[in-house]
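Asks: Structure file my_file_8.txt, compact mmCIF, C-alpha atoms and all ligand atoms, is pasted below:
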# COMPACT_ATOMS: atom_id res chain seq x y z
CA MET A 1 209.48 30.58 12.20
CA GLN A 2 209.70 26.82 12.44
CA GLN A 3 213.00 25.05 12.06
CA ALA A 4 213.51 21.31 11.80
CA LEU A 5 214.98 19.71 14.91
CA GLN A 6 218.13 17.91 13.83
CA ARG A 7 218.76 14.63 15.66
CA SER A 8 222.43 15.50 15.88
CA SER A 9 221.63 18.62 17.90
CA LEU A 10 220.62 16.33 20.79
CA VAL A 11 224.06 14.73 21.12
CA PRO A 12 227.45 16.36 21.83
CA ARG A 13 228.99 18.34 18.97
CA GLY A 14 231.03 16.42 16.44
CA PHE A 15 228.76 13.34 16.54
CA VAL A 16 226.04 12.26 14.14
CA VAL A 17 223.16 10.01 15.16
CA GLU A 18 222.89 6.65 13.42
CA SER A 19 219.88 5.27 15.29
CA ALA A 20 218.17 5.31 18.67
CA TYR A 21 216.17 2.79 20.69
CA TYR A 22 215.02 1.98 24.21
CA GLU A 23 216.74 -0.77 26.19
CA ASP A 24 216.02 -1.68 29.82
CA GLY A 25 214.35 1.70 30.41
CA LYS A 26 217.29 3.63 28.98
CA ALA A 27 217.42 5.56 25.74
CA VAL A 28 220.34 4.26 23.69
CA VAL A 29 221.57 6.59 20.94
CA VAL A 30 224.01 5.10 18.43
CA VAL A 31 226.47 7.77 17.25
CA ARG A 32 229.67 8.13 15.27
CA ALA A 33 232.08 10.99 14.75
CA SER A 34 231.15 13.28 11.87
CA GLY A 35 234.76 13.82 10.77
CA SER A 36 236.46 11.47 8.34
CA VAL A 37 240.00 11.57 9.72
CA GLY A 38 241.88 10.68 12.91
CA LEU A 39 244.87 12.47 14.44
CA CYS A 40 247.67 10.18 15.67
CA PRO A 41 248.28 10.95 19.36
CA SER A 42 251.99 10.09 19.00
CA CYS A 43 253.05 12.07 15.92
CA GLY A 44 250.04 14.24 15.06
CA ALA A 45 249.73 12.85 11.51
CA VAL A 46 246.28 12.86 9.96
CA SER A 47 245.02 9.45 8.90
CA ARG A 48 242.06 8.41 6.76
CA ARG A 49 242.89 4.71 6.84
CA VAL A 50 240.45 2.95 9.14
CA HIS A 51 241.79 -0.25 10.69
CA SER A 52 238.69 -1.37 12.58
CA ARG A 53 235.73 -0.19 14.58
CA TYR A 54 234.76 -0.75 18.19
CA ARG A 55 231.97 0.30 20.53
CA ARG A 56 232.12 2.58 23.53
CA ARG A 57 229.22 3.03 25.91
CA VAL A 58 229.10 6.41 27.63
CA THR A 59 226.38 8.10 29.64
CA ASP A 60 225.06 11.45 28.41
CA LEU A 61 222.55 14.02 29.65
CA PRO A 62 219.10 12.53 30.38
CA LEU A 63 216.31 13.01 27.88
CA SER A 64 212.57 13.07 28.64
CA GLY A 65 213.15 11.62 32.11
CA ARG A 66 215.28 8.72 30.90
CA ILE A 67 218.91 7.88 31.30
CA VAL A 68 220.68 8.30 27.96
CA GLU A 69 223.49 6.04 26.89
CA LEU A 70 225.53 6.90 23.81
CA LEU A 71 226.74 3.87 21.93
CA VAL A 72 229.75 5.37 20.17
CA ILE A 73 230.94 3.54 17.05
CA ALA A 74 234.58 4.57 17.35
CA ARG A 75 237.35 3.86 14.85
CA ARG A 76 240.91 2.68 15.03
CA PHE A 77 243.14 4.30 12.42
CA ARG A 78 246.48 3.26 10.95
CA CYS A 79 249.32 5.75 11.30
CA ASP A 80 251.38 5.83 8.10
CA ALA A 81 254.02 8.28 9.31
CA VAL A 82 257.41 6.69 8.62
CA LEU A 83 259.07 7.69 11.87
CA CYS A 84 256.08 7.11 14.17
CA GLY A 85 256.33 4.12 16.49
CA ARG A 86 252.56 3.72 16.63
CA GLN A 87 250.89 1.73 13.88
CA ILE A 88 247.31 1.83 15.08
CA PHE A 89 245.57 4.36 17.26
CA ALA A 90 242.09 4.74 18.64
CA GLU A 91 239.99 7.68 17.55
CA ARG A 92 240.00 10.58 19.98
CA PHE A 93 237.34 13.17 20.40
CA ALA A 94 237.78 16.86 21.17
CA GLU A 95 238.50 17.89 24.72
CA GLY A 96 235.29 19.18 26.18
CA VAL A 97 233.30 16.50 24.29
CA LEU A 98 234.51 13.05 25.32
CA ALA A 99 237.80 12.22 27.03
CA PRO A 100 239.71 9.01 26.22
CA SER A 101 238.42 6.11 28.37
CA ALA A 102 235.71 8.33 29.90
CA ARG A 103 232.43 6.71 30.86
CA ARG A 104 230.51 9.99 30.77
CA THR A 105 230.37 12.77 28.17
CA ALA A 106 232.15 15.97 29.21
CA ARG A 107 228.87 17.87 29.45
CA LEU A 108 227.47 15.30 31.89
CA ASP A 109 230.76 15.23 33.78
CA SER A 110 230.51 19.00 34.20
CA ILE A 111 227.04 18.71 35.79
CA VAL A 112 228.23 15.90 38.06
CA TYR A 113 231.15 18.10 39.12
CA HIS A 114 228.97 21.11 39.96
CA LEU A 115 226.46 18.94 41.84
CA GLY A 116 229.27 17.39 43.88
CA LEU A 117 230.79 20.78 44.57
CA ALA A 118 227.49 22.35 45.64
CA LEU A 119 226.00 19.53 47.71
CA GLY A 120 228.81 17.19 48.71
CA GLY A 121 229.05 13.43 48.07
CA ARG A 122 226.00 11.74 49.58
CA PRO A 123 223.32 14.48 49.13
CA ALA A 124 224.57 15.09 45.58
CA ALA A 125 224.33 11.36 44.75
CA GLY A 126 220.69 11.32 45.96
CA PHE A 127 219.84 14.43 43.95
CA ALA A 128 221.67 13.11 40.87
CA LYS A 129 219.54 9.96 40.98
CA ARG A 130 216.37 12.07 40.92
CA LEU A 131 217.76 13.91 37.90
CA MET A 132 218.36 10.57 36.13
CA LEU A 133 222.12 10.96 36.39
CA PRO A 134 223.43 7.57 37.46
CA VAL A 135 226.49 8.38 39.61
CA SER A 136 227.56 7.06 43.00
CA LYS A 137 228.83 9.11 45.93
CA ASP A 138 232.37 7.90 45.25
CA THR A 139 232.18 8.90 41.60
CA LEU A 140 230.97 12.38 42.55
CA LEU A 141 233.90 12.87 44.89
CA ARG A 142 236.33 11.53 42.31
CA VAL A 143 235.03 13.93 39.66
CA VAL A 144 235.28 16.90 42.04
CA ARG A 145 238.85 15.99 43.00
CA ARG A 146 239.95 15.43 39.41
CA ARG A 147 238.45 18.63 38.05
CA SER A 148 239.70 20.73 40.96
CA ARG A 149 243.31 19.94 40.11
CA PRO A 150 244.90 22.68 38.02
CA PRO A 151 245.90 21.45 34.55
CA ALA A 152 249.48 20.16 34.64
CA ASP A 153 250.66 21.80 31.44
CA PRO A 154 249.24 25.08 30.23
CA LEU A 155 248.65 25.37 26.48
CA ARG A 156 251.65 26.96 24.78
CA VAL A 157 251.94 25.84 21.15
CA ILE A 158 248.78 25.35 19.12
CA GLY A 159 247.77 24.80 15.52
CA ILE A 160 244.53 26.15 14.07
CA ASP A 161 242.94 25.03 10.82
CA ASP A 162 239.66 24.55 9.00
CA TRP A 163 237.60 21.49 9.84
CA ALA A 164 234.59 20.19 7.92
CA TRP A 165 231.79 18.73 9.98
CA ARG A 166 230.88 16.84 6.87
CA ARG A 167 232.51 16.94 3.46
CA ASN A 168 231.53 20.17 1.65
CA HIS A 169 229.14 20.90 4.44
CA ARG A 170 229.71 23.32 7.30
CA TYR A 171 233.12 24.49 8.31
CA ALA A 172 234.44 24.88 11.82
CA SER A 173 237.93 25.48 13.22
CA ILE A 174 240.03 22.80 14.84
CA ILE A 175 242.60 23.71 17.47
CA CYS A 176 245.36 21.24 18.32
CA ASN A 177 247.95 21.19 21.06
CA LEU A 178 251.07 20.72 18.94
CA GLU A 179 253.22 19.79 21.92
CA LYS A 180 250.91 16.97 23.00
CA ARG A 181 249.60 16.17 19.49
CA ARG A 182 246.04 16.37 20.70
CA ILE A 183 242.85 18.02 19.61
CA VAL A 184 242.04 20.76 22.10
CA THR A 185 238.71 21.92 20.84
CA LEU A 186 236.48 22.53 17.83
CA LEU A 187 235.22 26.08 17.43
CA PRO A 188 231.72 26.25 15.93
CA ASP A 189 232.73 28.28 12.85
CA ARG A 190 235.79 29.78 11.16
CA GLU A 191 235.08 33.40 11.91
CA PRO A 192 238.18 35.37 12.99
CA ALA A 193 236.17 36.88 15.88
CA THR A 194 235.44 33.39 17.31
CA ALA A 195 239.10 32.37 17.12
CA GLN A 196 240.17 35.72 18.57
CA ALA A 197 237.82 35.33 21.58
CA TRP A 198 239.09 31.80 22.20
CA LEU A 199 242.74 32.91 21.95
CA ALA A 200 242.08 35.82 24.31
CA ALA A 201 240.75 33.34 26.89
CA HIS A 202 243.96 31.28 26.69
CA PRO A 203 246.75 33.72 27.54
CA THR A 204 249.40 31.00 28.03
CA ILE A 205 249.60 30.36 24.26
CA THR A 206 252.80 31.76 22.80
CA ILE A 207 253.06 30.07 19.38
CA ILE A 208 250.21 29.66 16.89
CA ALA A 209 250.69 27.65 13.70
CA ARG A 210 247.97 28.37 11.17
CA ASP A 211 246.91 27.59 7.62
CA ARG A 212 247.59 30.02 4.80
CA GLY A 213 244.13 31.62 5.05
CA GLY A 214 244.20 35.17 6.35
CA GLY A 215 241.40 34.88 8.91
CA TYR A 216 243.25 32.98 11.61
CA GLY A 217 246.36 35.14 11.26
CA GLU A 218 244.23 38.23 11.75
CA ALA A 219 242.57 36.70 14.84
CA ALA A 220 245.94 35.72 16.31
CA ALA A 221 247.40 39.18 15.67
CA LYS A 222 244.41 40.90 17.28
CA ALA A 223 244.45 38.61 20.33
CA CYS A 224 248.21 39.24 20.77
CA ARG A 225 247.85 43.01 20.38
CA ARG A 226 245.10 43.05 23.01
CA ARG A 227 247.24 40.99 25.37
CA TYR A 228 250.21 43.29 24.79
CA ARG A 229 248.12 46.39 25.45
CA SER A 230 246.73 44.97 28.68
CA ARG A 231 250.25 44.17 29.84
CA ILE A 232 251.45 47.70 29.02
CA GLY A 233 248.40 49.10 30.81
CA GLY A 234 249.25 47.07 33.90
CA ILE A 235 252.74 48.54 34.26
ZN ZN A 301 251.80 8.44 14.35
As structure tokens, how would this structure be written, given the file I've shared?
Ligand SMILES: [Zn+2]
Replies:
Amino acid sequence: MQQALQRSSLVPRGFVVESAYYEDGKAVVVVRASGSVGLCPSCGAVSRRVHSRYRRRVTDLPLSGRIVELLVIARRFRCDAVLCGRQIFAERFAEGVLAPSARRTARLDSIVYHLGLALGGRPAAGFAKRLMLPVSKDTLLRVVRRRSRPPADPLRVIGIDDWAWRRNHRYASIICNLEKRRIVTLLPDREPATAQAWLAAHPTITIIARDRGGGYGEAAAKACRRRYRSRIGGI
């Protein structure tokens, strides 16, 4: 059965494609976030008030033998929380999609990391060039070093809620680190089984704040019961 190829399926999740063109031998894809709100990194308040827009250029996975550059139309939001010291904040994207100030998407960064790990700096840089991944030897080594460090703070307190990819469209689940006021990840749907599997893979989480819907509570309870049983079994 044939299914239409959505342009947005070619770019990292959470982005929609505005346009695409070739420039100096590269494929440039203009994207913006599909969500309509921003989450203040200082206080965690949700904002819909856009202050301004700016452009970020990041490299993504190559396409049809060409280097791909995402031209991200990112937003700055106003934070209206009374006690928050930050008035304006730049839009952030989910961890595992695009880190703040990153020059590569997370999925490209992951490939660069594995290449560097497998082949070492100079051979990996040569191979990366043949794969249309424009990274230098120094960048490869930097990525390997950065990713090899264990995360400083394990996840402990999270919030989980519904998230619309587009208004009245398809629903996913958003998971936030409530201690750091940051989006951790977007799960592809809002099925309890998906949330339960994600929670089971993050055993350091001790507190889960959820919406009033029953699905997430059920997933959290199941993940905790499983963890408890495995601990009892290990005694
Ligand atoms: Zn704020």
Asks: How many Å lie between CA of Leu141 (chain A) and CA of Arg122 (chain A), rounded to one decimal?
Replies: 9.3 Å
Asks: With a distance cut-off of 6 Å and all atoms listed in the file, select the neighbouring residues of region 62-79 of chain A, excluding the residue or stretch itself and same-chain residues fewer than 6 positions from it, and output the selection as a VMD selection string.
Replies: chain A and resid 26 to 32 49 to 56 87 to 91 132
Asks: Pick from A:Val46, A:Leu133, A:Ile207, A:Leu140: nearest to ligand ZN 301 (chain A), with all atoms listed in the file counted?
Replies: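 For ligand ZN 301 (chain A), the nearest of the given residues is A:Val46.
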Asks: Show me which residues line ligand ZN 301 (chain A), defined as having an atom within 7 Å of a ligand atom where only C-alpha atoms and all ligand atoms count, and present them as a list in words.
Replies: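 Residues satisfying the distance criterion: Cys40, Pro41, Ser42, Cys43, Gly44, Ala45, Cys79, Asp80, Ala81, Cys84, Gly85, Arg86 and Gln87 of chain A.
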Asks: Once you add 6 Å to each side, what are the centre and edge lengths of the axis-aligned box holding all listed atoms of region 191-195 of chain A? One decimal in Å, as AutoDock Vina command-line options, if you can.
Replies:
--center_x 237.1 --center_y 34.6 --center_z 14.6 --size_x 16.0 --size_y 16.5 --size_z 17.4
Asks: One decimal, Å: what's the distance from CA of Thr194 (chain A) over to CA of Gly14 (chain A), could you say?
Replies: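 CA of Thr194 (chain A) sits 17.6 Å away from CA of Gly14 (chain A).
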Asks: Restricting the calculation to only C-alpha atoms: of A:Pro134, A:Pro100, A:Gly217, A:Pro123, which residue gets closest to Gly159 (chain A)?
Replies: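 Counting only C-alpha atoms, the residue closest to Gly159 (chain A) is A:Gly217.
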Asks: What gap, in Å, lies between CA of Glu23 (chain A) and CA of Val58 (chain A)?
Replies: 14.4 Å
